[in-house]
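Student: To start, I am sharing the structure in question, which I have written as structure tokens.
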Amino acid sequence: MNSVVNAIAYDEDAYDRMAKAIVFLRQNHLDHPDLATVAHHVNLSEYHFQRLFTQWAGISPKRFSQYLTLEYAKAKIAETKSLLELTAESGLSSPGRLHDLFVTIEAMSPGEFKTGGRGLTIDYGLHKTPFGNCLIALTGRGICNLQFLDGTDEKSALHLLRSDWANADIIRNQQTTAEICDRIFHPSPQPPLTLHIKGTNFQIQVWRALLQIPFGGLTTYQGLATSIGRPTAARAIGNAVGRNPVGYLIPCHRVIRGTGESGGYRWGLERKTVLLGWEASRSGEGA
């Protein structure tokens with residue numbers, strides 16, 4: 001991730017405009033709306049919109065729109081399936097690309113799970129990202145929560161965190177979480193990010209499988225079920241995907257319907273569309 005992550009990319013108003021434009025492009029791609037039409041839709045001049053969008057996405061709105069079609073999604077599902085099968089046969093991890101983050105999962109102990117985090121100290125902070133504001137929370141062993149926020153104030157965000165960690169000692173520590181946020185959205189060669197998360201054995205298995213989907217890749221709920229040897233458990237897979245506690249890093253946004261439609265997303269279908277389009281537009285870099 002390079003120049004896209006700068007002051008303009010972190011501006012919440014800029015993200016809202018980009019999201020609105022991307023959803024409009026996807027909904028109207030058959031009509032091939034021109035730059036003036038899309039710019040008008042987000043209340044910007046053509047020049048300002050083109051500049052803002054290109055700085056955020058790395059490519060023009062016209063080029064970006066090609067990654068929002070059902071045809072592209074279906075082709076990417078097939079490509080990713082072949083890639084994952086190849087890496088499984090070779091016994092290797094999925095090949096990395098420029099934007100891939102190295103992430104490891106450490107599951108909570110049964111005791112920590114059962115007691116709702118009693119004895120744990122959790123630091124949290126609220127931060128701006130290229131995809132809207134988020135809350136990041138950490139235990140002493142890793143990231144336990146990353147949730148995107150839409151107009152949610154700190155009190156409401158903290159309530160959501162507390163619902164998962166009723167008995168933990170939760171402390172605002174903006175400086176510590178800011179360092180982690182910077183590592184997430186400014187990836188560079190460095191030790192893996194560790195996730196310290198709470199889930200059932202099945203959920204942890206699904207979340208580990210999600211980490212195998214490469215940057216820019218797509219799979220389906222059925223494909224994910226098959227990949228973990230549970231081909232009849234697509235519905236349960238969907239529930240586990242929806243319970244992902246660490247957005248973006250555990251890339252549940254890369255799971256879509258077999259039709260090529262995006263399906264649901266815990267942090268909003270609009271944001272899922274943005275994430276998928278952004279990753280698709282940059283997935284060829286460094287390949």
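By convention here, the chains of the structure tokens are called A, B, ... in the order presented, each chain's residues are numbered starting at 1, and ligands are numbered starting at 1 in the order presented.
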List every residue of range 57-286 of chain A that DSSP, applied to the backbone of this structure, places in strand (DSSP E), and write the result as a VMD selection string.
Tutor: chain A and resid 103 to 107 121 to 129 132 to 139 142 to 148 169 to 172 193 to 197 219 to 220 255 to 256
Student: Take the residues from that selection and write them out as an mmCIF file, in the first residue's frame, keeping C-alpha atoms.
Tutor:
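Done, and the output landed in part-v1.cif:
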```cif
data_model
loop_
_atom_site.group_PDB
_atom_site.id
_atom_site.type_symbol
_atom_site.label_atom_id
_atom_site.label_comp_id
_atom_site.auth_asym_id
_atom_site.auth_seq_id
_atom_site.Cartn_x
_atom_site.Cartn_y
_atom_site.Cartn_z
ATOM 1 C CA VAL A 103 -1.152 -12.714 10.010
ATOM 2 C CA THR A 104 -1.206 -15.537 12.547
ATOM 3 C CA ILE A 105 -4.093 -16.603 14.767
ATOM 4 C CA GLU A 106 -3.769 -17.511 18.417
ATOM 5 C CA ALA A 107 -7.033 -18.806 19.856
ATOM 6 C CA THR A 121 -6.463 -6.228 29.942
ATOM 7 C CA ILE A 122 -7.653 -4.934 26.579
ATOM 8 C CA ASP A 123 -6.356 -1.671 25.091
ATOM 9 C CA TYR A 124 -8.502 0.007 22.456
ATOM 10 C CA GLY A 125 -8.513 3.061 20.240
ATOM 11 C CA LEU A 126 -10.522 4.645 17.441
ATOM 12 C CA HIS A 127 -8.712 5.386 14.182
ATOM 13 C CA LYS A 128 -9.188 6.652 10.650
ATOM 14 C CA THR A 129 -8.458 4.262 7.782
ATOM 15 C CA GLY A 132 -13.698 4.574 7.187
ATOM 16 C CA ASN A 133 -13.211 4.838 10.928
ATOM 17 C CA CYS A 134 -12.482 1.727 12.950
ATOM 18 C CA LEU A 135 -12.012 0.494 16.487
ATOM 19 C CA ILE A 136 -8.934 -1.621 17.176
ATOM 20 C CA ALA A 137 -8.543 -3.592 20.406
ATOM 21 C CA LEU A 138 -5.512 -5.511 21.685
ATOM 22 C CA THR A 139 -4.710 -7.964 24.430
ATOM 23 C CA GLY A 142 -2.397 -9.732 19.882
ATOM 24 C CA ILE A 143 -5.277 -8.010 18.116
ATOM 25 C CA CYS A 144 -8.632 -9.208 19.419
ATOM 26 C CA ASN A 145 -10.973 -6.868 17.568
ATOM 27 C CA LEU A 146 -11.108 -4.639 14.505
ATOM 28 C CA GLN A 147 -14.527 -3.286 13.674
ATOM 29 C CA PHE A 148 -15.454 -0.591 11.179
ATOM 30 C CA ASP A 169 -10.401 -4.671 31.936
ATOM 31 C CA ILE A 170 -10.870 -2.403 28.902
ATOM 32 C CA ILE A 171 -8.694 0.725 28.693
ATOM 33 C CA ARG A 172 -8.402 3.516 26.108
ATOM 34 C CA LEU A 193 0.606 -9.508 13.107
ATOM 35 C CA THR A 194 -0.830 -11.831 15.740
ATOM 36 C CA LEU A 195 -4.562 -12.106 16.343
ATOM 37 C CA HIS A 196 -5.679 -13.230 19.807
ATOM 38 C CA ILE A 197 -9.299 -14.119 19.222
ATOM 39 C CA THR A 219 -14.119 -17.543 -3.008
ATOM 40 C CA THR A 220 -17.684 -18.647 -2.276
ATOM 41 C CA VAL A 255 -16.237 -14.541 0.379
ATOM 42 C CA ILE A 256 -19.135 -13.924 -2.004
#
```
Student: Leaving out Gly229 in chain A and any residue of its chain fewer than 4 positions from it, which residues lie within 12 Å of it when counting only C-alpha atoms, given as a tab-separated table (two decimals) with C-alpha atoms, in the first residue's frame?
Tutor:
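The new file result29.tsv reads:
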```
chain	number	residue	atom	x	y	z
A	202	PHE	CA	-15.19	-24.49	14.08
A	205	GLN	CA	-11.00	-23.24	11.57
A	206	VAL	CA	-13.06	-21.05	9.22
A	209	ALA	CA	-9.11	-20.76	6.10
A	222	GLN	CA	-19.52	-23.34	-0.72
A	223	GLY	CA	-15.91	-23.15	-1.85
A	224	LEU	CA	-14.80	-22.24	1.66
A	225	ALA	CA	-16.82	-25.15	3.08
A	233	ALA	CA	-21.74	-26.94	5.95
A	234	ALA	CA	-22.04	-23.86	3.74
A	237	ILE	CA	-19.64	-21.44	7.23
```
Student: Between A:Thr259, A:Ser188, A:Asn28, A:Asn167, single out the one closest to His41 in chain A, counting only C-alpha atoms.
Tutor: A:Asn28
Student: Between A:Leu149, A:Lys20, A:Ser45, A:Gly258, single out the one closest to Ala78 in chain A, counting only C-alpha atoms.
Tutor: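 Checking each of A:Leu149, A:Lys20, A:Ser45, A:Gly258 against Ala78 in chain A, counting only C-alpha atoms, the winner is A:Gly258.
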Student: Give the helix (DSSP H, G or I) residues of range 139-184 of chain A, as assigned by DSSP on the backbone, as number ranges by chain.
Tutor: A: 154-164, 174-184
Student: Go ahead and write the residues just picked, N, CA and C atoms, as an mmCIF file, in the first residue's frame.
Tutor:
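And here's out-v3.cif as it stands now:
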```cif
data_model
loop_
_atom_site.group_PDB
_atom_site.id
_atom_site.type_symbol
_atom_site.label_atom_id
_atom_site.label_comp_id
_atom_site.auth_asym_id
_atom_site.auth_seq_id
_atom_site.Cartn_x
_atom_site.Cartn_y
_atom_site.Cartn_z
ATOM 1 N N GLU A 154 -17.828 6.799 20.356
ATOM 2 C CA GLU A 154 -16.938 5.946 21.154
ATOM 3 C C GLU A 154 -17.719 5.105 22.161
ATOM 4 N N LYS A 155 -18.744 5.677 22.754
ATOM 5 C CA LYS A 155 -19.524 4.945 23.751
ATOM 6 C C LYS A 155 -20.187 3.719 23.138
ATOM 7 N N SER A 156 -20.772 3.893 21.955
ATOM 8 C CA SER A 156 -21.440 2.775 21.288
ATOM 9 C C SER A 156 -20.440 1.718 20.846
ATOM 10 N N ALA A 157 -19.281 2.171 20.318
ATOM 11 C CA ALA A 157 -18.250 1.231 19.893
ATOM 12 C C ALA A 157 -17.724 0.434 21.077
ATOM 13 N N LEU A 158 -17.546 1.116 22.201
ATOM 14 C CA LEU A 158 -17.061 0.450 23.406
ATOM 15 C C LEU A 158 -18.086 -0.567 23.912
ATOM 16 N N HIS A 159 -19.360 -0.245 23.760
ATOM 17 C CA HIS A 159 -20.416 -1.187 24.160
ATOM 18 C C HIS A 159 -20.334 -2.467 23.334
ATOM 19 N N LEU A 160 -20.072 -2.326 22.033
ATOM 20 C CA LEU A 160 -19.935 -3.500 21.178
ATOM 21 C C LEU A 160 -18.747 -4.354 21.609
ATOM 22 N N LEU A 161 -17.649 -3.692 21.944
ATOM 23 C CA LEU A 161 -16.468 -4.416 22.408
ATOM 24 C C LEU A 161 -16.758 -5.116 23.723
ATOM 25 N N ARG A 162 -17.424 -4.417 24.618
ATOM 26 C CA ARG A 162 -17.738 -4.973 25.930
ATOM 27 C C ARG A 162 -18.671 -6.175 25.830
ATOM 28 N N SER A 163 -19.516 -6.208 24.800
ATOM 29 C CA SER A 163 -20.435 -7.330 24.659
ATOM 30 C C SER A 163 -19.688 -8.637 24.411
ATOM 31 N N ASP A 164 -18.487 -8.546 23.838
ATOM 32 C CA ASP A 164 -17.667 -9.734 23.613
ATOM 33 C C ASP A 164 -16.738 -10.026 24.777
ATOM 34 N N GLN A 174 -4.810 5.027 22.974
ATOM 35 C CA GLN A 174 -4.771 5.448 21.583
ATOM 36 C C GLN A 174 -3.390 5.304 20.960
ATOM 37 N N GLN A 175 -2.362 5.554 21.731
ATOM 38 C CA GLN A 175 -1.009 5.506 21.193
ATOM 39 C C GLN A 175 -0.620 4.084 20.781
ATOM 40 N N THR A 176 -0.906 3.130 21.641
ATOM 41 C CA THR A 176 -0.552 1.739 21.341
ATOM 42 C C THR A 176 -1.323 1.220 20.139
ATOM 43 N N THR A 177 -2.623 1.481 20.092
ATOM 44 C CA THR A 177 -3.414 0.984 18.966
ATOM 45 C C THR A 177 -3.101 1.735 17.678
ATOM 46 N N ALA A 178 -2.657 2.995 17.793
ATOM 47 C CA ALA A 178 -2.273 3.751 16.600
ATOM 48 C C ALA A 178 -1.083 3.091 15.908
ATOM 49 N N GLU A 179 -0.157 2.559 16.677
ATOM 50 C CA GLU A 179 0.998 1.869 16.101
ATOM 51 C C GLU A 179 0.552 0.633 15.330
ATOM 52 N N ILE A 180 -0.426 -0.085 15.867
ATOM 53 C CA ILE A 180 -0.949 -1.274 15.186
ATOM 54 C C ILE A 180 -1.725 -0.870 13.935
ATOM 55 N N CYS A 181 -2.523 0.175 14.031
ATOM 56 C CA CYS A 181 -3.279 0.658 12.866
ATOM 57 C C CYS A 181 -2.324 1.029 11.746
ATOM 58 N N ASP A 182 -1.220 1.658 12.086
ATOM 59 C CA ASP A 182 -0.238 2.050 11.081
ATOM 60 C C ASP A 182 0.358 0.820 10.415
ATOM 61 N N ARG A 183 0.618 -0.227 11.183
ATOM 62 C CA ARG A 183 1.168 -1.454 10.615
ATOM 63 C C ARG A 183 0.160 -2.132 9.683
ATOM 64 N N ILE A 184 -1.108 -2.068 10.041
ATOM 65 C CA ILE A 184 -2.143 -2.712 9.233
ATOM 66 C C ILE A 184 -2.307 -2.018 7.896
#
```
Student: Would you pick out the contacts of Arg243 in chain A at 10 Å or less, using only C-alpha atoms, so that residues sharing its chain but fewer than 2 positions from it are not included, and give the list as a PyMOL selection string?
Tutor: chain A and resi 199+203+207+237-241+245-247+252+265-266
Student: Atoms to include: C-alpha atoms. Write the selected residues as a PDB file, in the first residue's frame.
Tutor:
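Okay, again-v3.pdb is ready:
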```pdb
ATOM      1  CA  GLY A 199     -14.228 -18.428  18.919  1.00  0.00           C
ATOM      2  CA  GLN A 203     -15.097 -20.692  13.878  1.00  0.00           C
ATOM      3  CA  TRP A 207     -11.134 -17.895  10.126  1.00  0.00           C
ATOM      4  CA  ILE A 237     -19.644 -21.438   7.227  1.00  0.00           C
ATOM      5  CA  GLY A 238     -21.673 -18.319   6.483  1.00  0.00           C
ATOM      6  CA  ASN A 239     -22.504 -17.893  10.164  1.00  0.00           C
ATOM      7  CA  ALA A 240     -18.860 -18.253  11.147  1.00  0.00           C
ATOM      8  CA  VAL A 241     -17.795 -15.755   8.479  1.00  0.00           C
ATOM      9  CA  PRO A 245     -14.181 -10.332  15.090  1.00  0.00           C
ATOM     10  CA  VAL A 246     -11.251  -8.849  13.166  1.00  0.00           C
ATOM     11  CA  GLY A 247     -12.374  -7.109  10.006  1.00  0.00           C
ATOM     12  CA  CYS A 252     -14.202 -12.304   5.250  1.00  0.00           C
ATOM     13  CA  TYR A 265     -21.075  -8.258   5.271  1.00  0.00           C
ATOM     14  CA  ARG A 266     -20.934  -7.514   8.979  1.00  0.00           C
TER      15      ARG A 266
END
```
Student: Using only C-alpha atoms, can you tell me which of A:Ala39, A:Met18, A:Ala57, A:Leu211 comes closest to Trp278 in chain A?
Tutor: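 Of the candidates, the smallest distance to Trp278 in chain A is held by A:Ala57.
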Student: Using only C-alpha atoms, which residue out of A:Gly117, A:Gly268, A:Pro251, A:Gly58 lies closest to Pro214 in chain A?
Tutor: A:Pro251
Student: So what do you get for CA of Gly277 in chain A versus CA of Leu68 in chain A, distance-wise?
Tutor: 6.2 Å
